[in-house]
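*Asks:* Please see the structure below; I have some questions.
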Amino acid sequence: MNMDDSRLIVRFQRLITEMLIEKRLGQRRPELTDELYQIWREVEQRGLKESPEYRDVLLRADRHALWLAGLVSLAARPVFSLQTEHTDTGDAPQKAA
């Protein structure tokens, strides 16, 4: 595989990963769909869909998207703080030592 084909595969992987993340998070950008379709057509025209690299990209993109979407979901959750814990438990009876 030459450098141009490798770059195309990498670009395709980035776009497919973004698309899968957006799908899992319930957000879609039409411009991303258009760009992904154009790259997919170029991959197909160059005959790269039969390459092992293409199949690997699809597997990696799915795993990476699942992992990144999970991180985004975790980051979006409210953070438990010690300040909240301290004020919430301030009224609870204290154990004698």
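Quick note on naming: the chains in the structure tokens go A, B, ... in the order shown, residues restart at 1 in each chain, and ligands are numbered from 1 in order of appearance.
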Within 12 Å of A:Asp5, counting only C-alpha atoms, which residues show up once you throw out same-chain ones fewer than 6 positions away? Write them as a PyMOL selection string, please.

*Replies:* chain A and resi 11-12+39+42-49+51+53-54

*Asks:* Output C-alpha atoms of each residue in that selection to a file, as a short mmCIF file (atom, residue, chain, number, x, y, z; two decimals), in the first residue's frame.

*Replies:*
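Below is the file out.cif, written as the result:
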data_model
loop_
_atom_site.label_atom_id
_atom_site.label_comp_id
_atom_site.auth_asym_id
_atom_site.auth_seq_id
_atom_site.Cartn_x
_atom_site.Cartn_y
_atom_site.Cartn_z
CA ARG A 11 -8.73 9.74 7.03
CA PHE A 12 -11.51 7.22 6.49
CA ILE A 39 -13.96 9.34 1.21
CA GLU A 42 -12.59 7.16 -3.11
CA VAL A 43 -11.63 4.11 -1.05
CA GLU A 44 -13.94 2.03 -3.22
CA GLN A 45 -12.60 3.50 -6.49
CA ARG A 46 -9.02 2.71 -5.50
CA GLY A 47 -9.96 -0.88 -4.72
CA LEU A 48 -9.00 -0.57 -1.06
CA LYS A 49 -12.17 -2.17 0.29
CA SER A 51 -7.47 -4.78 1.62
CA GLU A 53 -6.12 -2.52 6.23
CA TYR A 54 -9.70 -1.55 5.34
#

*Asks:* Give me the residues near A:Ala69 as a list in words, where near means some atom within 8 Å (using only C-alpha atoms) and where sequence neighbours in that chain fewer than 6 positions away do not count.

*Replies:*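 Residues meeting the cut-off are Ile21, Arg24 and Leu25 of chain A.
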
*Asks:* Please save N, CA, C and O atoms of the selected residues as a short mmCIF file (atom, residue, chain, number, x, y, z; two decimals), in the first residue's frame.

*Replies:*
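Full text of result33.cif as output:
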data_model
loop_
_atom_site.label_atom_id
_atom_site.label_comp_id
_atom_site.auth_asym_id
_atom_site.auth_seq_id
_atom_site.Cartn_x
_atom_site.Cartn_y
_atom_site.Cartn_z
N ILE A 21 -19.25 7.75 16.89
CA ILE A 21 -19.37 8.46 18.18
C ILE A 21 -20.64 9.30 18.17
O ILE A 21 -21.43 9.27 19.12
N ARG A 24 -23.69 7.14 18.55
CA ARG A 24 -23.89 6.66 19.92
C ARG A 24 -24.36 7.76 20.86
O ARG A 24 -25.07 7.50 21.82
N LEU A 25 -23.95 9.00 20.59
CA LEU A 25 -24.34 10.12 21.44
C LEU A 25 -25.63 10.79 20.98
O LEU A 25 -26.11 11.72 21.61
#

*Asks:* So, counting only C-alpha atoms, which residue among A:Arg14, A:Met1, A:Asp34, A:Arg7 is closest to A:Arg60?

*Replies:* A:Arg14

*Asks:* Of the candidates A:Ser73, A:Trp40, A:Glu31, A:Asn2, which shows the shortest atom-to-atom distance to A:Ile16, using only C-alpha atoms?

*Replies:*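 For A:Ile16, the nearest of the given residues is A:Trp40.
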
*Asks:* Any chance you could list, as an NGL selection string, the residues in chain A that come up helix (DSSP H, G or I) when DSSP is run on the backbone?

*Replies:* :A and (3-25 or 30-45 or 48-50 or 52-76 or 82-88)

*Asks:* With distances taken over only C-alpha atoms, which residue among A:Pro78, A:Leu59, A:Arg29, A:Leu68 lies nearest A:Gln13?

*Replies:*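 Closest residue, counting only C-alpha atoms: A:Leu59.
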
*Asks:* One number please: atom CA of A:Leu32 to atom CA of A:Met19, in Å, one decimal.

*Replies:*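 Atom CA of A:Leu32 sits 7.1 Å away from atom CA of A:Met19.
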